[in-house]
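What follows is one structure encoded as structure tokens, with my remarks underneath.
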Amino acid sequence: MADDLDLRAYRRGPKRYVLWSTRVSDALLDDVSREELVEWVLHRRPDATRAEIEALVDAADDRAATDASDTYEESPDWLAGN
């Protein structure tokens, strides 16, 4: 399932996230908490597991830790379409 996710999470700010869909090339959620993001995806994707969605958010946190950008729009990862 994890390889099938067409979703990316980006950190919007401290403890706030954006959920991006690579399928529609747009944000599905913006300025939400980690728990809001996880619960929303689990509701919309019953075949997803909590661990998979938590890993999606963890990846956003990992990228943010090495990225000096203030917003997700300025992130090199986001600008590259990754």
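By order of appearance in the structure tokens: chains A, B, ..., then residues from 1 within every chain, and ligands from 1 in the order shown.
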
Name the residues in contact with range 11-24 of chain A at a cut-off of 7 Å, using only C-alpha atoms, excluding same-chain residues fewer than 6 positions from it; report them as a list in words.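 These residues fall inside the cut-off: Asp30, Asp31, Val32, Ser33, Arg34, Ala60, Asp61, Ala64, Thr71 and Tyr72 of chain A.
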
Could you save the residues just selected, with N, CA, C and O atoms, as a JSON list (two decimals), in the first residue's frame?
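Final file, part03.json:
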```json
[["chain", "number", "residue", "atom", "x", "y", "z"],
["A", 30, "ASP", "N", -4.81, 21.65, 4.23],
["A", 30, "ASP", "CA", -3.80, 22.69, 4.46],
["A", 30, "ASP", "C", -3.91, 23.19, 5.90],
["A", 30, "ASP", "O", -5.02, 23.38, 6.41],
["A", 31, "ASP", "N", -2.77, 23.37, 6.51],
["A", 31, "ASP", "CA", -2.68, 23.91, 7.86],
["A", 31, "ASP", "C", -3.46, 23.07, 8.86],
["A", 31, "ASP", "O", -4.32, 23.57, 9.59],
["A", 32, "VAL", "N", -3.16, 21.76, 8.88],
["A", 32, "VAL", "CA", -3.82, 20.83, 9.80],
["A", 32, "VAL", "C", -2.78, 20.23, 10.74],
["A", 32, "VAL", "O", -1.58, 20.20, 10.44],
["A", 33, "SER", "N", -3.24, 19.71, 11.85],
["A", 33, "SER", "CA", -2.35, 19.04, 12.78],
["A", 33, "SER", "C", -2.03, 17.64, 12.26],
["A", 33, "SER", "O", -2.69, 17.13, 11.35],
["A", 34, "ARG", "N", -1.03, 17.04, 12.87],
["A", 34, "ARG", "CA", -0.65, 15.67, 12.50],
["A", 34, "ARG", "C", -1.85, 14.73, 12.66],
["A", 34, "ARG", "O", -2.14, 13.94, 11.79],
["A", 60, "ALA", "N", 7.78, 14.03, 6.21],
["A", 60, "ALA", "CA", 7.68, 15.49, 6.13],
["A", 60, "ALA", "C", 8.53, 16.13, 7.23],
["A", 60, "ALA", "O", 9.22, 17.12, 6.99],
["A", 61, "ASP", "N", 8.48, 15.55, 8.42],
["A", 61, "ASP", "CA", 9.29, 16.07, 9.52],
["A", 61, "ASP", "C", 10.78, 15.91, 9.23],
["A", 61, "ASP", "O", 11.57, 16.81, 9.51],
["A", 64, "ALA", "N", 11.78, 18.49, 6.69],
["A", 64, "ALA", "CA", 11.77, 19.83, 7.29],
["A", 64, "ALA", "C", 12.99, 20.05, 8.18],
["A", 64, "ALA", "O", 13.49, 21.17, 8.28],
["A", 71, "THR", "N", 8.40, 28.04, 4.43],
["A", 71, "THR", "CA", 7.11, 27.50, 4.03],
["A", 71, "THR", "C", 7.32, 26.33, 3.08],
["A", 71, "THR", "O", 8.38, 26.20, 2.46],
["A", 72, "TYR", "N", 6.29, 25.50, 2.95],
["A", 72, "TYR", "CA", 6.42, 24.36, 2.05],
["A", 72, "TYR", "C", 6.59, 24.81, 0.60],
["A", 72, "TYR", "O", 7.24, 24.16, -0.20]]
```
